[in-house]
Each structure stands twice: as C-alpha cells, then as structure tokens.
file target.tsv (TSV, C-alpha atoms and all ligand atoms)
chain	number	residue	atom	x	y	z
P	1	MET	CA	24.50	-9.39	-7.78
P	2	LYS	CA	20.87	-10.50	-7.22
P	3	LYS	CA	18.28	-8.84	-9.43
P	4	VAL	CA	14.86	-7.75	-8.19
P	5	LEU	CA	11.92	-6.39	-10.19
P	6	ILE	CA	9.66	-4.00	-8.24
P	7	THR	CA	6.34	-3.07	-9.84
P	8	GLY	CA	4.62	0.11	-8.69
P	9	ALA	CA	8.14	1.53	-8.21
P	10	ALA	CA	7.03	5.16	-8.63
P	11	GLY	CA	4.39	4.80	-5.94
P	12	PHE	CA	4.62	5.31	-2.20
P	13	LEU	CA	5.50	1.79	-1.04
P	14	GLY	CA	7.28	0.74	-4.25
P	15	SER	CA	9.71	3.68	-4.15
P	16	HIS	CA	10.68	2.94	-0.53
P	17	LEU	CA	11.21	-0.71	-1.44
P	18	CYS	CA	13.50	0.35	-4.31
P	19	ASP	CA	15.57	2.41	-1.82
P	20	ARG	CA	15.81	-0.50	0.61
P	21	PHE	CA	16.80	-3.15	-1.94
P	22	LEU	CA	19.47	-0.87	-3.43
P	23	LEU	CA	20.79	-0.27	0.08
P	24	GLU	CA	20.95	-4.05	0.61
P	25	GLY	CA	23.12	-4.46	-2.52
P	26	PHE	CA	20.54	-5.65	-5.07
P	27	TYR	CA	20.26	-4.65	-8.71
P	28	VAL	CA	16.77	-3.10	-8.91
P	29	ILE	CA	14.51	-2.85	-11.93
P	30	GLY	CA	11.62	-0.49	-11.20
P	31	MET	CA	8.47	-0.73	-13.32
P	32	ASP	CA	5.51	1.64	-13.36
P	33	ASN	CA	3.03	3.27	-15.72
P	34	PHE	CA	2.54	6.34	-13.47
P	35	ILE	CA	-1.22	5.92	-13.27
P	36	THR	CA	-1.19	6.90	-9.58
P	37	GLY	CA	2.58	7.24	-9.05
P	38	ASP	CA	4.96	10.14	-9.45
P	39	LYS	CA	8.36	10.40	-11.18
P	40	LYS	CA	9.55	12.54	-8.24
P	41	ASN	CA	9.41	9.48	-5.94
P	42	ILE	CA	12.30	7.84	-7.81
P	43	LYS	CA	14.29	10.87	-8.92
P	44	GLN	CA	16.93	10.09	-6.24
P	45	LEU	CA	17.62	6.75	-7.97
P	46	LYS	CA	18.23	8.03	-11.50
P	47	SER	CA	22.00	8.26	-11.10
P	48	ASN	CA	22.35	4.92	-9.29
P	49	PRO	CA	24.09	2.44	-11.63
P	50	ASN	CA	22.27	-0.45	-9.94
P	51	PHE	CA	18.85	0.97	-10.75
P	52	GLU	CA	17.01	0.73	-14.02
P	53	PHE	CA	13.51	1.96	-14.77
P	54	ILE	CA	11.03	0.55	-17.26
P	55	GLU	CA	7.85	2.49	-17.99
P	56	HIS	CA	5.31	-0.25	-18.59
P	57	ASP	CA	1.74	-1.27	-17.78
P	58	VAL	CA	2.02	-4.66	-16.06
P	59	THR	CA	-1.32	-5.76	-17.48
P	60	GLU	CA	0.51	-6.02	-20.82
P	61	HIS	CA	3.05	-8.79	-21.52
P	62	ILE	CA	6.25	-8.21	-19.52
P	63	SER	CA	9.68	-9.15	-20.82
P	64	ILE	CA	12.87	-8.82	-18.82
P	65	GLU	CA	16.23	-9.74	-20.29
P	66	GLY	CA	18.59	-12.10	-18.49
P	67	GLU	CA	18.39	-13.40	-14.97
P	68	LEU	CA	15.82	-12.33	-12.42
P	69	HIS	CA	15.84	-13.57	-8.84
P	70	TYR	CA	13.01	-11.76	-7.06
P	71	ILE	CA	9.81	-9.93	-7.99
P	72	LEU	CA	7.77	-7.66	-5.73
P	73	HIS	CA	4.38	-6.88	-7.24
P	74	PHE	CA	3.21	-3.58	-5.74
P	75	ALA	CA	1.55	-2.00	-8.77
P	76	SER	CA	-2.09	-1.17	-8.03
P	77	PRO	CA	-4.12	1.89	-7.19
P	78	ALA	CA	-4.35	1.82	-3.40
P	79	SER	CA	-6.45	4.73	-2.25
P	80	PRO	CA	-10.25	4.41	-2.26
P	81	ILE	CA	-10.73	7.47	-4.47
P	82	ASP	CA	-8.16	6.13	-6.95
P	83	TYR	CA	-9.73	2.74	-7.31
P	84	LEU	CA	-13.22	4.19	-7.50
P	85	LYS	CA	-12.03	6.49	-10.30
P	86	ILE	CA	-10.20	3.74	-12.23
P	87	PRO	CA	-12.10	0.56	-11.32
P	88	ILE	CA	-11.31	-1.46	-14.45
P	89	GLN	CA	-7.56	-0.75	-14.26
P	90	THR	CA	-7.70	-1.76	-10.59
P	91	LEU	CA	-9.31	-5.09	-11.43
P	92	LYS	CA	-6.87	-5.64	-14.30
P	93	VAL	CA	-3.67	-4.91	-12.41
P	94	GLY	CA	-4.66	-7.33	-9.63
P	95	SER	CA	-5.73	-10.07	-12.05
P	96	LEU	CA	-4.03	-9.77	-15.47
P	97	GLY	CA	-1.02	-7.99	-13.99
P	98	THR	CA	-0.51	-10.66	-11.33
P	99	HIS	CA	-0.96	-13.39	-13.96
P	100	ASN	CA	1.79	-11.82	-16.08
P	101	LEU	CA	4.12	-11.55	-13.11
P	102	LEU	CA	3.48	-15.15	-12.06
P	103	GLY	CA	4.29	-16.22	-15.63
P	104	LEU	CA	7.49	-14.20	-15.47
P	105	ALA	CA	8.40	-15.70	-12.08
P	106	LYS	CA	7.82	-19.20	-13.45
P	107	ALA	CA	9.94	-18.56	-16.56
P	108	LYS	CA	12.81	-17.00	-14.58
P	109	LYS	CA	12.51	-19.29	-11.54
P	110	ALA	CA	12.21	-16.12	-9.49
P	111	ARG	CA	10.53	-15.74	-6.11
P	112	LEU	CA	7.44	-13.49	-6.25
P	113	LEU	CA	6.00	-11.53	-3.35
P	114	ILE	CA	2.59	-9.97	-3.90
P	115	ALA	CA	1.17	-6.96	-2.07
P	116	SER	CA	-2.18	-8.00	-0.69
P	117	THR	CA	-4.18	-5.96	1.78
P	118	SER	CA	-6.29	-5.85	4.92
P	119	GLU	CA	-9.15	-5.08	2.49
P	120	VAL	CA	-9.38	-8.82	1.78
P	121	TYR	CA	-11.10	-8.94	5.20
P	122	GLY	CA	-13.67	-6.38	3.99
P	123	ASP	CA	-15.77	-4.92	6.82
P	124	PRO	CA	-14.47	-7.49	9.29
P	125	LEU	CA	-16.61	-9.41	11.74
P	126	VAL	CA	-13.52	-10.79	13.49
P	127	HIS	CA	-11.45	-8.31	15.47
P	128	PRO	CA	-8.47	-8.01	15.45
P	129	GLN	CA	-8.05	-9.68	12.05
P	130	THR	CA	-6.12	-12.92	11.97
P	131	GLU	CA	-4.85	-14.48	8.74
P	132	ASP	CA	-7.29	-17.39	9.02
P	133	TYR	CA	-10.34	-15.08	8.85
P	134	TYR	CA	-12.05	-15.40	5.44
P	135	GLY	CA	-13.41	-11.87	5.41
P	136	ASN	CA	-16.65	-10.04	4.75
P	137	VAL	CA	-16.50	-8.41	1.33
P	138	ASN	CA	-19.37	-7.06	-0.77
P	139	THR	CA	-18.31	-8.35	-4.20
P	140	ILE	CA	-20.54	-5.91	-6.09
P	141	GLY	CA	-20.01	-2.81	-3.91
P	142	PRO	CA	-17.84	0.06	-5.18
P	143	ARG	CA	-14.84	-1.12	-3.12
P	144	GLY	CA	-15.29	-4.65	-4.50
P	145	VAL	CA	-13.08	-3.81	-7.50
P	146	TYR	CA	-10.07	-3.50	-5.21
P	147	ASP	CA	-10.97	-6.11	-2.61
P	148	GLU	CA	-11.87	-8.80	-5.14
P	149	ALA	CA	-8.85	-8.04	-7.35
P	150	LYS	CA	-6.67	-8.60	-4.28
P	151	ARG	CA	-8.53	-11.76	-3.28
P	152	PHE	CA	-8.15	-13.12	-6.82
P	153	GLN	CA	-4.48	-12.14	-6.68
P	154	GLU	CA	-4.01	-14.29	-3.58
P	155	SER	CA	-5.87	-17.22	-5.19
P	156	ILE	CA	-3.92	-17.24	-8.45
P	157	THR	CA	-0.68	-16.85	-6.52
P	158	MET	CA	-1.44	-19.93	-4.40
P	159	ALA	CA	-2.50	-21.80	-7.57
P	160	TYR	CA	0.83	-21.04	-9.27
P	161	HIS	CA	2.61	-22.10	-6.12
P	162	ARG	CA	0.70	-25.37	-5.80
P	163	PHE	CA	0.39	-26.26	-9.49
P	164	HIS	CA	3.64	-24.90	-10.95
P	165	GLY	CA	5.83	-24.84	-7.85
P	166	VAL	CA	6.52	-21.10	-8.15
P	167	GLU	CA	8.07	-19.69	-4.98
P	168	THR	CA	5.56	-17.15	-3.69
P	169	ARG	CA	4.97	-14.92	-0.66
P	170	ILE	CA	1.84	-12.95	0.28
P	171	VAL	CA	1.88	-9.88	2.51
P	172	ARG	CA	-1.41	-8.48	3.78
P	173	ILE	CA	-0.60	-4.84	4.31
P	174	PHE	CA	-2.59	-2.74	6.80
P	175	ASN	CA	-2.88	1.06	6.45
P	176	THR	CA	0.67	2.33	5.94
P	177	TYR	CA	1.80	5.95	5.87
P	178	GLY	CA	4.86	8.14	5.52
P	179	PRO	CA	6.75	10.48	3.21
P	180	ARG	CA	5.90	10.20	-0.52
P	181	MET	CA	2.21	9.53	-0.01
P	182	ARG	CA	0.35	11.64	-2.53
P	183	LEU	CA	-1.02	14.69	-0.75
P	184	ASN	CA	-4.27	14.58	-2.67
P	185	ASP	CA	-4.86	10.83	-2.82
P	186	GLY	CA	-7.83	11.12	-0.44
P	187	ARG	CA	-6.47	8.73	2.19
P	188	VAL	CA	-7.11	9.98	5.67
P	189	ILE	CA	-3.53	10.96	6.62
P	190	PRO	CA	-2.71	13.08	3.56
P	191	ALA	CA	-6.29	14.39	3.63
P	192	PHE	CA	-6.09	15.63	7.24
P	193	MET	CA	-2.52	16.93	6.93
P	194	GLY	CA	-3.29	18.72	3.65
P	195	GLN	CA	-6.39	20.28	5.21
P	196	ALA	CA	-4.37	21.43	8.23
P	197	LEU	CA	-1.72	22.98	5.96
P	198	ARG	CA	-4.31	24.76	3.81
P	199	GLY	CA	-6.18	26.03	6.86
P	200	GLU	CA	-9.29	24.00	6.03
P	201	ASP	CA	-11.56	22.06	8.37
P	202	LEU	CA	-10.81	18.34	8.73
P	203	THR	CA	-13.37	16.14	6.98
P	204	ILE	CA	-14.51	13.17	9.06
P	205	PHE	CA	-16.50	10.63	7.08
P	206	GLY	CA	-19.44	9.19	9.02
P	207	ASP	CA	-19.45	9.83	12.77
P	208	GLY	CA	-15.73	9.07	13.09
P	209	SER	CA	-16.24	5.99	15.27
P	210	GLN	CA	-14.68	3.72	12.63
P	211	THR	CA	-11.15	2.63	13.52
P	212	ARG	CA	-7.85	2.16	11.70
P	213	SER	CA	-4.35	1.14	12.81
P	214	PHE	CA	-1.54	3.05	11.11
P	215	CYS	CA	1.89	1.57	10.34
P	216	TYR	CA	4.93	3.71	9.53
P	217	ILE	CA	6.58	3.02	6.18
P	218	ASP	CA	10.00	1.93	7.58
P	219	ASP	CA	8.33	-0.73	9.74
P	220	GLN	CA	6.27	-1.95	6.80
P	221	VAL	CA	9.33	-2.21	4.52
P	222	GLU	CA	11.21	-4.16	7.21
P	223	GLY	CA	8.31	-6.62	7.54
P	224	ILE	CA	8.08	-7.12	3.77
P	225	PHE	CA	11.85	-7.61	3.50
P	226	ARG	CA	11.83	-10.28	6.21
P	227	LEU	CA	8.82	-12.04	4.70
P	228	LEU	CA	10.43	-12.25	1.26
P	229	PHE	CA	13.43	-14.07	2.74
P	230	SER	CA	11.40	-16.35	4.98
P	231	ASP	CA	10.17	-19.73	3.81
P	232	TYR	CA	6.47	-19.14	4.58
P	233	VAL	CA	4.07	-19.22	1.60
P	234	TYR	CA	0.75	-18.34	3.23
P	235	PRO	CA	-0.48	-14.75	3.84
P	236	VAL	CA	1.08	-12.75	6.67
P	237	ASN	CA	-0.39	-9.56	8.17
P	238	ILE	CA	2.04	-6.66	8.39
P	239	GLY	CA	0.72	-3.59	10.17
P	240	ASN	CA	0.71	-1.72	13.44
P	241	PRO	CA	-1.92	-2.95	15.93
P	242	ASN	CA	-2.19	0.44	17.65
P	243	GLU	CA	-5.85	1.16	16.83
P	244	ILE	CA	-7.54	4.57	16.92
P	245	SER	CA	-10.95	5.94	15.93
P	246	ILE	CA	-10.97	8.45	13.08
P	247	SER	CA	-12.45	11.16	15.32
P	248	ASP	CA	-9.68	10.73	17.93
P	249	PHE	CA	-7.18	10.68	15.10
P	250	ALA	CA	-8.51	14.03	13.79
P	251	GLU	CA	-7.94	15.52	17.26
P	252	GLU	CA	-4.38	14.13	17.30
P	253	ILE	CA	-3.65	15.72	13.92
P	254	ILE	CA	-5.03	19.08	15.05
P	255	LYS	CA	-2.68	18.96	18.07
P	256	LEU	CA	0.30	17.69	16.11
P	257	THR	CA	-0.02	20.29	13.37
P	258	ASN	CA	-0.63	22.99	15.94
P	259	THR	CA	-3.58	24.42	14.06
P	260	ASP	CA	-7.00	25.48	15.30
P	261	GLN	CA	-8.98	23.73	12.60
P	262	LYS	CA	-12.44	22.32	13.33
P	263	VAL	CA	-13.81	19.02	12.15
P	264	ILE	CA	-16.75	18.72	9.78
P	265	TYR	CA	-18.74	15.60	9.00
P	266	LYS	CA	-19.37	14.09	5.56
P	267	ASP	CA	-21.12	10.91	4.42
P	268	LEU	CA	-19.38	7.64	5.15
P	269	PRO	CA	-18.31	5.99	1.86
P	270	VAL	CA	-20.24	2.81	0.95
P	271	ASN	CA	-18.83	-0.33	2.64
P	272	ASP	CA	-16.20	1.66	4.56
P	273	PRO	CA	-14.90	-0.88	7.11
P	274	MET	CA	-15.99	0.02	10.65
P	275	GLN	CA	-12.96	-1.47	12.37
P	276	ARG	CA	-9.50	-2.56	11.40
P	277	LYS	CA	-6.60	-3.83	13.48
P	278	PRO	CA	-4.07	-6.48	12.51
P	279	ASP	CA	-3.31	-9.45	14.67
P	280	ILE	CA	0.44	-9.66	14.11
P	281	SER	CA	1.20	-12.77	16.20
P	282	LEU	CA	2.18	-14.69	13.07
P	283	ALA	CA	4.64	-12.03	11.86
P	284	LYS	CA	6.14	-11.85	15.36
P	285	LYS	CA	6.63	-15.62	15.51
P	286	LEU	CA	7.77	-16.23	11.92
P	287	LEU	CA	9.75	-13.10	11.18
P	288	ASP	CA	10.63	-11.86	14.65
P	289	TRP	CA	9.07	-8.60	13.44
P	290	GLU	CA	7.01	-5.95	15.11
P	291	PRO	CA	6.60	-2.23	14.39
P	292	LYS	CA	9.01	0.10	16.18
P	293	THR	CA	7.73	3.58	15.25
P	294	GLN	CA	5.21	5.22	17.55
P	295	ARG	CA	2.37	7.06	15.82
P	296	GLU	CA	3.46	10.50	17.06
P	297	GLU	CA	6.99	10.09	15.70
P	298	GLY	CA	5.82	8.71	12.35
P	299	MET	CA	3.15	11.39	11.94
P	300	LEU	CA	5.67	14.16	12.67
P	301	LYS	CA	8.05	12.84	9.99
P	302	THR	CA	5.15	12.60	7.54
P	303	PHE	CA	3.96	16.11	8.35
P	304	GLU	CA	7.49	17.45	7.79
P	305	TYR	CA	7.41	15.84	4.35
P	306	PHE	CA	4.06	17.40	3.43
P	307	LYS	CA	5.26	20.77	4.72
P	308	SER	CA	8.25	20.59	2.36
P	309	LEU	CA	6.02	20.33	-0.73
P	310	SER	CA	5.40	23.30	-2.99
P	311	GLN	CA	2.31	25.51	-2.75
P	312	GLU	CA	1.36	24.17	-6.17
P	313	ASP	CA	1.35	20.58	-4.83
P	314	LEU	CA	-0.54	21.71	-1.75
P	315	PHE	CA	-3.38	23.31	-3.69
P	316	LYS	CA	-3.48	20.83	-6.59
P	317	ARG	CA	-6.94	19.24	-6.74
P	318	GLU	CA	-7.05	15.98	-8.61
P	319	HIS	CA	-10.54	14.87	-7.80
E	1	LIG	P1	0.56	4.07	-4.89
E	1	LIG	O1	-0.64	4.46	-5.68
E	1	LIG	O2	1.39	5.12	-4.28
E	1	LIG	O3	1.51	3.15	-5.77
E	1	LIG	C1	1.04	2.25	-6.71
E	1	LIG	C2	1.92	2.35	-7.95
E	1	LIG	O4	1.49	1.36	-8.92
E	1	LIG	C3	1.80	3.71	-8.65
E	1	LIG	O5	3.07	4.24	-8.87
E	1	LIG	C4	1.07	3.38	-9.95
E	1	LIG	O6	1.41	4.26	-11.00
E	1	LIG	C5	1.51	1.95	-10.20
E	1	LIG	N1	0.60	1.20	-11.06
E	1	LIG	C6	-0.74	1.03	-10.93
E	1	LIG	N2	-1.23	0.28	-11.92
E	1	LIG	C7	-0.16	-0.07	-12.70
E	1	LIG	C8	-0.02	-0.86	-13.87
E	1	LIG	N3	-1.07	-1.43	-14.46
E	1	LIG	N4	1.21	-1.02	-14.40
E	1	LIG	C9	2.29	-0.44	-13.81
E	1	LIG	N5	2.22	0.32	-12.71
E	1	LIG	C10	1.01	0.50	-12.16
E	1	LIG	O7	0.03	3.06	-3.76
E	1	LIG	P2	0.82	2.43	-2.50
E	1	LIG	O8	0.19	2.92	-1.29
E	1	LIG	O9	2.27	2.58	-2.68
E	1	LIG	O10	0.42	0.89	-2.66
E	1	LIG	C11	1.32	-0.03	-3.27
E	1	LIG	C12	0.78	-1.44	-3.14
E	1	LIG	O11	0.58	-1.78	-1.76
E	1	LIG	C13	-0.57	-1.66	-3.83
E	1	LIG	O12	-0.57	-2.93	-4.42
E	1	LIG	C14	-1.56	-1.61	-2.70
E	1	LIG	O13	-2.71	-2.36	-2.97
E	1	LIG	C15	-0.75	-2.21	-1.55
E	1	LIG	N6	-1.26	-1.76	-0.24
E	1	LIG	C16	-0.95	-0.51	0.22
E	1	LIG	C17	-1.45	-0.10	1.45
E	1	LIG	C18	-1.13	1.24	2.05
E	1	LIG	O14	-1.57	1.53	3.17
E	1	LIG	N7	-0.34	2.09	1.41
E	1	LIG	C19	-2.28	-0.97	2.19
E	1	LIG	C20	-2.59	-2.22	1.65
E	1	LIG	C21	-2.06	-2.61	0.44
E	2	LIG	N1	-11.62	9.28	6.15
E	2	LIG	C1	-12.16	10.42	6.73
E	2	LIG	N2	-11.89	11.63	6.15
E	2	LIG	C2	-11.14	11.76	5.02
E	2	LIG	C3	-10.57	10.58	4.44
E	2	LIG	C4	-10.85	9.36	5.03
E	2	LIG	O1	-12.85	10.36	7.74
E	2	LIG	O2	-10.95	12.91	4.56
E	2	LIG	C5	-11.90	7.98	6.78
E	2	LIG	C6	-12.41	6.88	5.83
E	2	LIG	O3	-13.81	6.95	5.69
E	2	LIG	C7	-11.96	5.63	6.55
E	2	LIG	C8	-10.66	6.05	7.24
E	2	LIG	O4	-10.68	7.48	7.28
E	2	LIG	O5	-12.89	5.26	7.53
E	2	LIG	C9	-9.41	5.58	6.50
E	2	LIG	O6	-9.56	5.96	5.15
E	2	LIG	P1	-8.42	5.76	4.07
E	2	LIG	O7	-8.97	6.25	2.77
E	2	LIG	O8	-7.16	6.37	4.56
E	2	LIG	O9	-8.13	4.21	4.00
E	2	LIG	P2	-9.03	2.87	4.08
E	2	LIG	O10	-8.56	2.25	5.32
E	2	LIG	O11	-10.49	3.21	4.16
E	2	LIG	O12	-8.67	2.14	2.86
call {"tool": "encode", "arguments": {"input": "target.tsv", "output": "structure tokens"}}
result
Amino acid sequence: MKKVLITGAAGFLGSHLCDRFLLEGFYVIGMDNFITGDKKNIKQLKSNPNFEFIEHDVTEHISIEGELHYILHFASPASPIDYLKIPIQTLKVGSLGTHNLLGLAKAKKARLLIASTSEVYGDPLVHPQTEDYYGNVNTIGPRGVYDEAKRFQESITMAYHRFHGVETRIVRIFNTYGPRMRLNDGRVIPAFMGQALRGEDLTIFGDGSQTRSFCYIDDQVEGIFRLLFSDYVYPVNIGNPNEISISDFAEEIIKLTNTDQKVIYKDLPVNDPMQRKPDISLAKKLLDWEPKTQREEGMLKTFEYFKSLSQEDLFKREH
C-alpha cells in the first residue's frame, strides 16, 4: 500500500485530498496544527484504518516512521484575512515548512507536490495568466507575506529538484470553493453566502469590477491528482477559466440564495488583484484535464453545505 503525507489535512483542500487518496487505496497520514483548519473536516476519517493523524506544526522538524511515497504540502493560511492576521506564520509555513518537507522527501525518496497559487502572479498585467508569466507582486505590501512565501516555495522546490534530484510537482491553484470552506474566513464565497444566510447586505470591496474565476473543489482535486502522477516538474495552473466580476457575482449569489439582500460597498484591500483568470491550456494538454462543474451547480452544493451548519457557526465572528 502506497503511503502519502498530506499537510494542511484539516483544512478545506487538504481534507478533500485525504478523502480522495483514501478512496484511491492509499494509506494517508494527515498533518495539521489547526491554525486555520477544523477537526470537523476530518471527523469522517477517524475510524478509517488507513488514515492516521499527526498534530504538528510543519515549520518544526518532521519525522515520519517507515516508508513514505508521496507528500502533498497544503499547509498554509489561504484566505487574505488569515494571512494578514498571522503574517509571520504564513511566511514560515511557505519557507521553513517547505524546507522541512523537501528534506523529508529527499530522505524518503518520496515525490513532493506543493500547493502554489495564482497569487504568485500578483496583480497580473498578463491576462489570462499563463505559467510563463513572472507576475507583478508588491514584495512589501500586506499580501506580500503570502505571495512571496509561495514564490520562495516554488524556488526552493525547483532547487531541491535540480540540485538534489528530488521528484517535485508544483500546482498553481486558482480560487477554489466548495463544502468545508470556513464560513467566516473572509473569502468572497463564504462571505456572501454567510451574509445571505444571516440576512445581511453583501459587502463588495471596491467598485466590484475586479474579476475572479471560481473552480469547484472536485475539479481542483482531480487536477491535483493527475498532476502528481504526471512526469511534469514545472508549475501548472489548475482553475476554472470562467471569469466573473465581483459585482455580477454578488447578483448571482442573491438570485441563487433567493434572498432580497442589497449590496454595500467597502474599501478595496491593498493590492487586491484587479483581474484573475487561469490559462489552462497546459493542464489540458499535459493532464487531459479541464473543469467539469458549472458555477451554478457548484455554488448550489456549497450553499447547501453552509445551510447545514449550526446557528452558532453561522453567527461566530472570528475577526
Ligand atoms: P485552509 O486554511 O482551509 O487549510 C490550510 C490548513 O493548513 C489548515 O488546516 C491549517 O490549520 C493548516 N496549517 C497552516 N499552517 C500550518 C503549519 N505551520 N503546520 C501545520 N498545519 C498548518 O486553506 P485551503 O483553502 O484549504 O488552502 C490549502 C492550500 O492550498 C494552501 O497552501 C493554500 O495556499 C493553497 N491554495 C488554496 C486556494 C483556494 O482557493 N482555496 C488557492 C490557491 C492556493
Ligand atoms: N471580496 C468582496 N467582498 C467580500 C470578500 C471579498 O468584494 O466580502 C472581494 C475581494 O476584494 C477580492 C475578491 O472578492 O477582489 C475575491 O476575494 P477572496 O478573499 O475570496 O480571494 P482572493 O482572490 O482575493 O485571494
């Protein structure tokens, strides 16, 4: 049985990856320190004999007994309000954490896939974003802690690949959504859906003309799975190219949730990218992958999930 270590296992993406790898017949070790994750995301795995959980901060030395074949490094705060609240931990998990995992991969001769992000393109001047675009990041801006940690993560990963021959893969993930996102993590989908459920107005940051392209979790997991088992070492964009402005998206959410909420406008966060859309030609060619879930279907499934949460979760304010 092949063994895979998944960091960030109690988070949104990590927990779905644990489910998928167990389903595919792997032995899964989940690792997390719960800084932004939630034990509830992995409660369904507790009784699975092929799942083991280690509570650990990946910025500290990591030791795993016995064989290890694959590592997926997904630990990192991922929502702007999280990484603005815990900037040093964000920088450390992308740098020290990745260094530890590369060391582990080298020692175990394991293949390591790292979770990079569309944020490496910053506020992009090339649209849609192709993998060969170097990006436009403000290193000293408030978002720089996340963007630069992820850029460093890509660099050290390529260095370990080139210098030590470690087998590595890099996925550049574009905005992904679905069940198990944290309702109060401040990202636009949980924010709008939470507001609709609480009967509050939807908060648009800026004038709402900025765009995003939202990918459903099952499509994202499929892309990551295929990339891990491909033989391509350079970064690959995985996301849904169906782009929408935030103001149009707010209207869609009002319709979908069947509420009569209004929109209100708040300041645009510093360095908030004005446009984002993945060019997925490479993923199509290399992995024969493209997203299958239409936004309406994915949003409905996500809304059902948020509706199923308790009133306590719905009204919990973390920030
Ligand atoms: P998340 O916050 O739900 O999950 C991250 C998990 O990592 C949490 O469970 C958290 O507790 C854990 N973690 C953070 N620091 C840790 C540390 N030092 N040691 C151990 N565990 C730690 O976020 P997510 O949306 O699931 O994102 C997962 C990964 O995917 C991140 O690396 C993120 O940068 C990347 N990503 C996500 C998106 C997206 O749209 N969701 C987009 C681009 C990149
Ligand atoms: N946004 C918004 N209202 C909110 C939360 C976010 O208008 O309540 C905007 C945010 O400014 C950004 C977009 O929605 O332009 C996506 O934000 P998110 O935090 O989901 O992810 P990002 O792509 O910025 O990392």
call {"tool": "residues_around", "arguments": {"input": "target.tsv", "residues": "Ala10 of chain P", "least_positions_apart": "3", "cutoff": "7 Å", "atoms": "only C-alpha atoms", "output": "PyMOL selection string"}}
result
chain P and resi 14-15+32+34+37-39+41-42
call {"tool": "residues_around", "arguments": {"input": "target.tsv", "residues": "segment 88-100 of chain P", "least_positions_apart": "3", "cutoff": "10 Å", "atoms": "only C-alpha atoms", "output": "ChimeraX atom specification"}}
result
/P:7,35,57-63,73-78,82-85,103-106,112,114-116,144-157,160
call {"tool": "closest_residue", "arguments": {"input": "target.tsv", "among": "P:Gly66, P:Pro142, P:Gly239, P:Gly25", "to": "ligand LIG 1 (chain E)", "atoms": "all atoms listed in the file"}}
result
P:Gly239
call {"tool": "atom_distance", "arguments": {"input": "target.tsv", "atom1": "atom O4 of ligand LIG 1 (chain E)", "atom2": "atom CA of Leu68 of chain P"}}
result
20.1 Å
call {"tool": "atom_distance", "arguments": {"input": "target.tsv", "atom1": "atom CA of Phe21 of chain P", "atom2": "atom O3 of ligand LIG 1 (chain E)"}}
result
17.0 Å
call {"tool": "residues_near_ligand", "arguments": {"input": "target.tsv", "ligand": "ligand LIG 2 (chain E)", "cutoff": "7 Å", "atoms": "all atoms listed in the file", "output": "NGL selection string"}}
result
:P and (79-80 or 175 or 186-189 or 191-192 or 202-206 or 208 or 210-212 or 246 or 268-269 or 272-274)
call {"tool": "closest_residue", "arguments": {"input": "target.tsv", "among": "P:Glu251, P:Asp219, P:Glu119, P:Glu167", "to": "ligand LIG 1 (chain E)", "atoms": "all atoms listed in the file"}}
result
P:Glu119
